Amino acid sequence: MIHAKINHIDVVVEEGTTILEAAKKYNINIPTLCHYPDLHINSDCRICVVEIDGYRGLKTSCSTPIRDGMMIKTNSPRVLNSRKTVTELILANHDVNCTSCTRNMNCELQQLSKNLGIDTSRFDNVLEYKDIDDQNPSIVRNPNRCIKCGRCVDVCQHVQGMHVLERMGRGHDMDISPAFGLPLNDQSCSFCGQCANVCPVGAIIEKDNTNLVWEKLHDPTKHVMVQIAPAVRVSIGEEIGLESGLISNGKLVAAMKHLGFNHVYDTNFTADLTIMEEGTELISRINNGGTLPLMTSCCPGWINMAEQEFPEILPHISSCKSPQQMFGTLAKSYYATKTNMDPEDIYVVSVMPCTAKKYEATREEFSVDGKHPDVDVVITTRELGKMFRQMGIDVNRLPEVEFDSPFGITTGAAALFGASGGVTEAALRTVYEIVNERPLEDIVFNSVRGMDGLKEAEVNLAGTTVKVAVSHSLSNARKLIEEVIAGKSPYTFIEIMACPGGCIGGGGQPYGTTNEVREHRLASTYIVDGNMIYRKSHQNPDIHKLYEEYLQQPNSHIAHKLLHTDYQYRKKRT
Ligand code: SF4
Ligand code: SF4
Ligand code: SF4
Ligand code: FES
């Protein structure tokens, strides 16, 4: 063990602990800017410096291991002066226009400046304005607000394995940018939004669609309906000041009604529908010698990567649209017919944990009539939080309200879609019972739960043992994809989610998403599953009703027309 003193307080920690970690353990706050839990330590910003007796220069606490006998000061005049100077220099090269920035009041640079008592700067602003990249439907990159902390580069390169963002140039002239400064739309970007989730300032943000939603909510000619994805309910609490974890669905629905939505629906319904369609597709591929392994299709971040980089893999991907898109299609076909409404008057909003869903909704093929999109607009969990704050809605004080019908009943299987491994677990619960014609005794597949990057399970289908695999984060997905392309995959079914932990860790989720927070959201997801009356998609009575009234049976002609799609090679720069 290491014995040292921080601000005259005795600390005892394990060897290899950094000064920052040791200080945190003893509730001593050292400010940071480039450091982010779970990412590489780059030591780019020098905000976290401390003074150590006997050492000449100040040391960065995020990267310096604490040593036996060290006497460390975290708040000496020399340290405070250094932090202040560094922060002022960052501000002098920054578009300091806080009131027009999405991150206003939620910005790590703004908070740091406030904490350091910086109200005026000793340095003139020398920022040379660069073009803002807002040419894609998902992400906006504003280089004028970039503080060059490198978090986005690290998450894009090492967590996602995408290498879209790079450090260009050296020293003072170093810039963070996609290669050749090209827009993200011209790059092989998955639009996963992990870069936006870790950016400490307003330099990479989701494309804000809240004004589009307000406009339609105030338009009396529009019937505005909203669907809420499974992963949003276990994270929205963080947007309104609660601990990461559960918020009651009933209060969330009530708050959506206060915003003015005509009807509030649950994407979990079309997650159940996805299982019926995808499960049937899997059984059909197994029985008829179809292309295996079957790979899941509900994550547009992964679909983007597959279409841009791996054309050979496309026949393996399920033809099912994602639950978001299935909902949009049904809203403008089945629902419009049932309620005697002109689809043109229906406006479908999605609340998703995801920035890639914004792109997905704009794809040409996701339109019933080829003119109007099935899903009109997508907002993230963060944007929903913003709308609640704009209206001053205190979600926790509202009486509970149920999701609207039709599509009102959902299952625990569907709730699992928000977690890595959830689609697999939901699919196995249904496919097992359909193929084996007997109840599945133990419906919890622990081996595909949790944060391991690659997980697998085995299930017996009609006397044959079938292997399934699960991966989350795109760097992990590459290993499974390369195995499939090489013809060496031992699996029959593969689930891929682009974001770490699955959608509970999506790019549109509240800021401050770390592995610890992801674990809380996962635990809440499993609680939601455990509390449901129905826990298998094929038990959902509203799903049965939908097939009886409209879709006939899974994979029928009409189900194929409305609920399935195909994929194409979309070559981009890689
Ligand atoms: S959206 Fe994802 S793939 Fe694109 S730049 Fe950001 S982290 Fe990289
Ligand atoms: S875009 Fe954001 S995360 Fe990336 S280097 Fe700039 S400030 Fe850091
Ligand atoms: S894992 Fe979920 S949040 Fe992330 S890109 Fe895929 S669908 Fe979106
Ligand atoms: S937080 Fe340590 S150098 Fe940036």
# chains A, B, ... in the order shown; residues from 1 in each chain; ligands from 1

$ residues_near_ligand --ligand "ligand 4" --cutoff "6 Å" --atoms "only C-alpha atoms and all ligand atoms" --output "list in words"
Thr32, Leu33, Cys34, His35, Ser43, Asp44, Cys45, Arg46, Ile47, Cys48, Thr60, Ser61 and Cys62 of chain A

$ write_last_selection --atoms "all heavy atoms" --output "mmCIF file, in the first residue's frame"
data_model
loop_
_atom_site.group_PDB
_atom_site.id
_atom_site.type_symbol
_atom_site.label_atom_id
_atom_site.label_comp_id
_atom_site.auth_asym_id
_atom_site.auth_seq_id
_atom_site.Cartn_x
_atom_site.Cartn_y
_atom_site.Cartn_z
ATOM 1 N N THR A 32 -10.972 18.752 -13.315
ATOM 2 C CA THR A 32 -10.414 18.120 -14.525
ATOM 3 C C THR A 32 -11.149 18.670 -15.738
ATOM 4 O O THR A 32 -12.242 19.234 -15.603
ATOM 5 C CB THR A 32 -10.635 16.596 -14.492
ATOM 6 O OG1 THR A 32 -12.031 16.351 -14.314
ATOM 7 C CG2 THR A 32 -9.853 15.923 -13.365
ATOM 8 N N LEU A 33 -10.580 18.456 -16.901
ATOM 9 C CA LEU A 33 -11.291 18.864 -18.118
ATOM 10 C C LEU A 33 -11.159 17.792 -19.200
ATOM 11 O O LEU A 33 -12.152 17.335 -19.744
ATOM 12 C CB LEU A 33 -10.759 20.207 -18.625
ATOM 13 C CG LEU A 33 -11.706 21.052 -19.483
ATOM 14 C CD1 LEU A 33 -13.105 21.145 -18.893
ATOM 15 C CD2 LEU A 33 -11.132 22.440 -19.670
ATOM 16 N N CYS A 34 -9.928 17.371 -19.501
ATOM 17 C CA CYS A 34 -9.793 16.357 -20.554
ATOM 18 C C CYS A 34 -10.054 14.948 -20.026
ATOM 19 O O CYS A 34 -10.406 14.055 -20.780
ATOM 20 C CB CYS A 34 -8.423 16.433 -21.218
ATOM 21 S SG CYS A 34 -7.031 15.982 -20.174
ATOM 22 N N HIS A 35 -9.900 14.762 -18.735
ATOM 23 C CA HIS A 35 -10.056 13.422 -18.153
ATOM 24 C C HIS A 35 -11.517 12.992 -18.177
ATOM 25 O O HIS A 35 -12.416 13.788 -17.896
ATOM 26 C CB HIS A 35 -9.552 13.471 -16.704
ATOM 27 C CG HIS A 35 -9.678 12.164 -15.989
ATOM 28 N ND1 HIS A 35 -10.744 11.862 -15.172
ATOM 29 C CD2 HIS A 35 -8.875 11.075 -15.976
ATOM 30 C CE1 HIS A 35 -10.587 10.645 -14.681
ATOM 31 N NE2 HIS A 35 -9.461 10.152 -15.148
ATOM 32 N N SER A 43 -3.882 13.574 -20.727
ATOM 33 C CA SER A 43 -3.222 14.703 -20.056
ATOM 34 C C SER A 43 -3.029 15.889 -20.992
ATOM 35 O O SER A 43 -1.941 16.449 -21.097
ATOM 36 C CB SER A 43 -1.845 14.276 -19.522
ATOM 37 O OG SER A 43 -1.979 13.209 -18.672
ATOM 38 N N ASP A 44 -4.084 16.253 -21.703
ATOM 39 C CA ASP A 44 -3.978 17.342 -22.680
ATOM 40 C C ASP A 44 -4.206 18.722 -22.076
ATOM 41 O O ASP A 44 -3.685 19.707 -22.561
ATOM 42 C CB ASP A 44 -5.012 17.132 -23.800
ATOM 43 C CG ASP A 44 -4.542 16.105 -24.822
ATOM 44 O OD1 ASP A 44 -3.313 15.943 -24.931
ATOM 45 O OD2 ASP A 44 -5.382 15.484 -25.481
ATOM 46 N N CYS A 45 -5.024 18.829 -21.015
ATOM 47 C CA CYS A 45 -5.491 20.171 -20.631
ATOM 48 C C CYS A 45 -4.678 20.830 -19.507
ATOM 49 O O CYS A 45 -4.622 22.039 -19.410
ATOM 50 C CB CYS A 45 -6.964 20.111 -20.240
ATOM 51 S SG CYS A 45 -7.279 19.376 -18.625
ATOM 52 N N ARG A 46 -4.075 20.067 -18.639
ATOM 53 C CA ARG A 46 -3.283 20.544 -17.488
ATOM 54 C C ARG A 46 -4.122 21.325 -16.457
ATOM 55 O O ARG A 46 -3.593 22.140 -15.710
ATOM 56 C CB ARG A 46 -2.075 21.372 -17.952
ATOM 57 C CG ARG A 46 -1.057 20.528 -18.709
ATOM 58 C CD ARG A 46 0.279 21.213 -18.861
ATOM 59 N NE ARG A 46 0.922 21.546 -17.598
ATOM 60 C CZ ARG A 46 1.613 20.692 -16.864
ATOM 61 N NH1 ARG A 46 1.758 19.435 -17.252
ATOM 62 N NH2 ARG A 46 2.163 21.080 -15.722
ATOM 63 N N ILE A 47 -5.419 21.061 -16.427
ATOM 64 C CA ILE A 47 -6.255 21.698 -15.399
ATOM 65 C C ILE A 47 -6.068 21.007 -14.053
ATOM 66 O O ILE A 47 -6.195 21.618 -12.994
ATOM 67 C CB ILE A 47 -7.747 21.641 -15.826
ATOM 68 C CG1 ILE A 47 -8.001 22.594 -16.988
ATOM 69 C CG2 ILE A 47 -8.687 21.952 -14.663
ATOM 70 C CD1 ILE A 47 -7.809 24.054 -16.676
ATOM 71 N N CYS A 48 -5.741 19.723 -14.100
ATOM 72 C CA CYS A 48 -5.735 18.921 -12.866
ATOM 73 C C CYS A 48 -4.390 18.978 -12.139
ATOM 74 O O CYS A 48 -4.128 18.127 -11.285
ATOM 75 C CB CYS A 48 -6.075 17.479 -13.202
ATOM 76 S SG CYS A 48 -4.778 16.701 -14.173
ATOM 77 N N THR A 60 0.449 16.687 -13.507
ATOM 78 C CA THR A 60 -0.965 16.416 -13.801
ATOM 79 C C THR A 60 -1.425 15.232 -12.948
ATOM 80 O O THR A 60 -0.893 14.122 -13.069
ATOM 81 C CB THR A 60 -1.166 16.091 -15.302
ATOM 82 O OG1 THR A 60 -0.217 15.113 -15.690
ATOM 83 C CG2 THR A 60 -0.992 17.338 -16.154
ATOM 84 N N SER A 61 -2.417 15.481 -12.108
ATOM 85 C CA SER A 61 -2.820 14.442 -11.143
ATOM 86 C C SER A 61 -3.520 13.275 -11.821
ATOM 87 O O SER A 61 -3.545 12.172 -11.286
ATOM 88 C CB SER A 61 -3.736 15.053 -10.074
ATOM 89 O OG SER A 61 -4.909 15.548 -10.673
ATOM 90 N N CYS A 62 -4.102 13.499 -13.021
ATOM 91 C CA CYS A 62 -4.840 12.407 -13.675
ATOM 92 C C CYS A 62 -3.901 11.348 -14.222
ATOM 93 O O CYS A 62 -4.320 10.218 -14.462
ATOM 94 C CB CYS A 62 -5.755 12.941 -14.780
ATOM 95 S SG CYS A 62 -4.889 13.682 -16.168
#

$ closest_atom_pairs --of "chain A" --to "ligand 3" --cutoff "10 Å" --atoms "only C-alpha atoms and all ligand atoms" --output "tab-separated table"
residue	atom	partner	partner_atom_place_in_ligand_line	distance
A:Ser190	CA	ligand 3	5 (S)	7.7
A:Phe191	CA	ligand 3	5 (S)	7.2
A:Cys192	CA	ligand 3	5 (S)	4.5
A:Gly193	CA	ligand 3	5 (S)	7.4
A:Gln194	CA	ligand 3	4 (Fe)	8.2
A:Ala229	CA	ligand 3	2 (Fe)	9.6
A:Pro230	CA	ligand 3	2 (Fe)	10.0
A:Ala231	CA	ligand 3	2 (Fe)	8.3
A:Val232	CA	ligand 3	3 (S)	9.8
A:Ser297	CA	ligand 3	7 (S)	9.2
A:Cys298	CA	ligand 3	7 (S)	6.3
A:Cys299	CA	ligand 3	7 (S)	3.7
A:Pro300	CA	ligand 3	6 (Fe)	5.5
A:Gly301	CA	ligand 3	5 (S)	4.0
A:Trp302	CA	ligand 3	6 (Fe)	6.3
A:Ile303	CA	ligand 3	6 (Fe)	8.5
A:Asn304	CA	ligand 3	5 (S)	9.2
A:Ser322	CA	ligand 3	7 (S)	8.6
A:Pro323	CA	ligand 3	7 (S)	9.8
A:Gln324	CA	ligand 3	7 (S)	9.4
A:Met352	CA	ligand 3	3 (S)	7.4
A:Pro353	CA	ligand 3	3 (S)	5.1
A:Cys354	CA	ligand 3	3 (S)	3.9
A:Thr355	CA	ligand 3	8 (Fe)	6.3
A:Ala356	CA	ligand 3	5 (S)	5.3
A:Lys357	CA	ligand 3	8 (Fe)	6.1
A:Lys358	CA	ligand 3	8 (Fe)	9.3
A:Glu360	CA	ligand 3	8 (Fe)	9.6
A:Thr380	CA	ligand 3	3 (S)	9.4
A:Phe417	CA	ligand 3	2 (Fe)	8.8
A:Gly418	CA	ligand 3	2 (Fe)	7.1
A:Ala419	CA	ligand 3	1 (S)	8.5
A:Ser420	CA	ligand 3	1 (S)	7.9
A:His472	CA	ligand 3	1 (S)	7.3
A:Ser473	CA	ligand 3	1 (S)	7.6
A:Leu474	CA	ligand 3	1 (S)	9.2
A:Ile496	CA	ligand 3	1 (S)	7.9
A:Met497	CA	ligand 3	1 (S)	4.2
A:Ala498	CA	ligand 3	1 (S)	4.3
A:Cys499	CA	ligand 3	4 (Fe)	4.1
A:Pro500	CA	ligand 3	1 (S)	7.3
A:Gly501	CA	ligand 3	1 (S)	7.7
A:Gly502	CA	ligand 3	1 (S)	4.4
A:Cys503	CA	ligand 3	2 (Fe)	3.4
A:Ile504	CA	ligand 3	3 (S)	6.9
A:Gly505	CA	ligand 3	3 (S)	6.6
A:Gly506	CA	ligand 3	3 (S)	3.5
A:Gly507	CA	ligand 3	3 (S)	5.9
A:Gly508	CA	ligand 3	3 (S)	7.0
A:Gln509	CA	ligand 3	3 (S)	8.0

$ write_last_selection --atoms "C-alpha atoms" --output "PDB file, in the first residue's frame"
ATOM      1  CA  SER A 190     -21.987   5.699 -37.701  1.00  0.00           C
ATOM      2  CA  PHE A 191     -23.707   8.748 -36.148  1.00  0.00           C
ATOM      3  CA  CYS A 192     -23.569   6.835 -32.855  1.00  0.00           C
ATOM      4  CA  GLY A 193     -23.056  10.139 -31.020  1.00  0.00           C
ATOM      5  CA  GLN A 194     -20.607   8.751 -28.473  1.00  0.00           C
ATOM      6  CA  ALA A 229     -37.880   4.038 -26.485  1.00  0.00           C
ATOM      7  CA  PRO A 230     -37.177   1.470 -23.729  1.00  0.00           C
ATOM      8  CA  ALA A 231     -33.825   2.991 -22.704  1.00  0.00           C
ATOM      9  CA  VAL A 232     -35.242   6.486 -22.149  1.00  0.00           C
ATOM     10  CA  SER A 297     -31.124  -4.860 -37.311  1.00  0.00           C
ATOM     11  CA  CYS A 298     -32.570  -2.594 -34.624  1.00  0.00           C
ATOM     12  CA  CYS A 299     -29.451  -0.425 -34.118  1.00  0.00           C
ATOM     13  CA  PRO A 300     -28.938   2.158 -36.894  1.00  0.00           C
ATOM     14  CA  GLY A 301     -25.414   2.929 -35.664  1.00  0.00           C
ATOM     15  CA  TRP A 302     -24.390  -0.647 -36.444  1.00  0.00           C
ATOM     16  CA  ILE A 303     -26.402  -0.649 -39.714  1.00  0.00           C
ATOM     17  CA  ASN A 304     -24.529   2.483 -40.810  1.00  0.00           C
ATOM     18  CA  SER A 322     -36.073  -1.190 -36.218  1.00  0.00           C
ATOM     19  CA  PRO A 323     -38.823  -0.859 -33.557  1.00  0.00           C
ATOM     20  CA  GLN A 324     -38.752   2.937 -34.092  1.00  0.00           C
ATOM     21  CA  MET A 352     -34.749   7.977 -28.435  1.00  0.00           C
ATOM     22  CA  PRO A 353     -31.483   7.492 -26.504  1.00  0.00           C
ATOM     23  CA  CYS A 354     -29.832   7.711 -29.865  1.00  0.00           C
ATOM     24  CA  THR A 355     -28.438  10.198 -32.365  1.00  0.00           C
ATOM     25  CA  ALA A 356     -28.234   7.577 -35.161  1.00  0.00           C
ATOM     26  CA  LYS A 357     -32.045   7.263 -35.004  1.00  0.00           C
ATOM     27  CA  LYS A 358     -32.249  10.836 -36.272  1.00  0.00           C
ATOM     28  CA  GLU A 360     -32.456   6.482 -39.646  1.00  0.00           C
ATOM     29  CA  THR A 380     -32.956  12.423 -27.773  1.00  0.00           C
ATOM     30  CA  PHE A 417     -34.226  -3.967 -25.825  1.00  0.00           C
ATOM     31  CA  GLY A 418     -32.559  -1.016 -24.092  1.00  0.00           C
ATOM     32  CA  ALA A 419     -29.774  -3.203 -22.708  1.00  0.00           C
ATOM     33  CA  SER A 420     -26.993  -5.012 -24.527  1.00  0.00           C
ATOM     34  CA  HIS A 472     -21.804  -3.808 -27.793  1.00  0.00           C
ATOM     35  CA  SER A 473     -19.616  -0.898 -28.903  1.00  0.00           C
ATOM     36  CA  LEU A 474     -18.496  -0.976 -32.510  1.00  0.00           C
ATOM     37  CA  ILE A 496     -24.855  -5.990 -32.299  1.00  0.00           C
ATOM     38  CA  MET A 497     -25.452  -2.660 -30.577  1.00  0.00           C
ATOM     39  CA  ALA A 498     -23.237   0.278 -31.432  1.00  0.00           C
ATOM     40  CA  CYS A 499     -23.114   1.908 -28.018  1.00  0.00           C
ATOM     41  CA  PRO A 500     -21.352   0.686 -24.878  1.00  0.00           C
ATOM     42  CA  GLY A 501     -23.940  -1.182 -22.780  1.00  0.00           C
ATOM     43  CA  GLY A 502     -26.466  -0.919 -25.645  1.00  0.00           C
ATOM     44  CA  CYS A 503     -29.009   1.902 -25.932  1.00  0.00           C
ATOM     45  CA  ILE A 504     -28.873   2.608 -22.183  1.00  0.00           C
ATOM     46  CA  GLY A 505     -25.431   4.034 -23.078  1.00  0.00           C
ATOM     47  CA  GLY A 506     -26.618   5.711 -26.294  1.00  0.00           C
ATOM     48  CA  GLY A 507     -25.118   8.896 -27.693  1.00  0.00           C
ATOM     49  CA  GLY A 508     -28.287  10.872 -26.909  1.00  0.00           C
ATOM     50  CA  GLN A 509     -28.419   9.858 -23.249  1.00  0.00           C
TER      51      GLN A 509
END

$ select_by_dssp --residues "region 211-356 of chain A" --states "strand (DSSP E)" --output "short mmCIF file (atom, residue, chain, number, x, y, z; two decimals) with C-alpha atoms, in the first residue's frame"
data_model
loop_
_atom_site.label_atom_id
_atom_site.label_comp_id
_atom_site.auth_asym_id
_atom_site.auth_seq_id
_atom_site.Cartn_x
_atom_site.Cartn_y
_atom_site.Cartn_z
CA HIS A 223 -52.33 15.00 -34.59
CA VAL A 224 -48.98 14.74 -32.81
CA MET A 225 -48.14 11.32 -31.39
CA VAL A 226 -44.97 10.34 -29.62
CA GLN A 227 -43.22 7.03 -28.99
CA ILE A 228 -40.72 6.54 -26.15
CA HIS A 263 -51.16 10.46 -27.73
CA VAL A 264 -48.21 8.88 -25.96
CA TYR A 265 -47.07 5.41 -27.01
CA ASP A 266 -44.42 2.95 -26.02
CA LEU A 294 -28.79 -13.88 -38.59
CA MET A 295 -27.67 -10.48 -37.31
CA ILE A 346 -50.39 12.55 -38.31
CA TYR A 347 -47.03 13.75 -37.04
CA VAL A 348 -44.87 11.07 -35.39
CA VAL A 349 -42.21 12.10 -32.87
CA SER A 350 -39.71 9.63 -31.39
CA VAL A 351 -37.88 10.06 -28.11
CA MET A 352 -34.75 7.98 -28.43
#

$ atom_distance --atom1 "CA of Glu307 (chain A)" --atom2 "CA of Arg363 (chain A)"
12.9 Å

$ residues_around --residues "His3 (chain A)" --least-positions-apart "3" --cutoff "9 Å" --atoms "only C-alpha atoms" --output "PDB file with C-alpha atoms, in the first residue's frame"
ATOM      1  CA  ASP A  10      -3.110  11.032   5.350  1.00  0.00           C
ATOM      2  CA  VAL A  11      -4.065   8.856   2.421  1.00  0.00           C
ATOM      3  CA  VAL A  12      -3.508   5.126   2.015  1.00  0.00           C
ATOM      4  CA  VAL A  13      -4.152   3.633  -1.404  1.00  0.00           C
ATOM      5  CA  GLU A  14      -3.062   0.739  -3.561  1.00  0.00           C
ATOM      6  CA  ILE A  66       0.915   8.562  -6.172  1.00  0.00           C
ATOM      7  CA  ARG A  67       4.154   7.414  -4.497  1.00  0.00           C
ATOM      8  CA  ASP A  68       5.078   6.546  -0.938  1.00  0.00           C
ATOM      9  CA  GLY A  69       5.766   9.627   1.191  1.00  0.00           C
ATOM     10  CA  MET A  70       4.519  12.174  -1.365  1.00  0.00           C
TER      11      MET A  70
END

$ residues_near_ligand --ligand "ligand 1" --cutoff "7 Å" --atoms "only C-alpha atoms and all ligand atoms" --output "count of residues only"
18

$ residues_near_ligand --ligand "ligand 2" --cutoff "6 Å" --atoms "only C-alpha atoms and all ligand atoms" --output "number ranges by chain"
A: 146-152, 176, 199-201, 203-204

$ select_by_dssp --residues "region 200-411 of chain A" --states "helix (DSSP H, G or I)" --output "ChimeraX atom specification"
/A:210-217,230-232,236-239,249-259,268-287,300-309,311-316,323-338,343-345,356-361,381-391,395-397
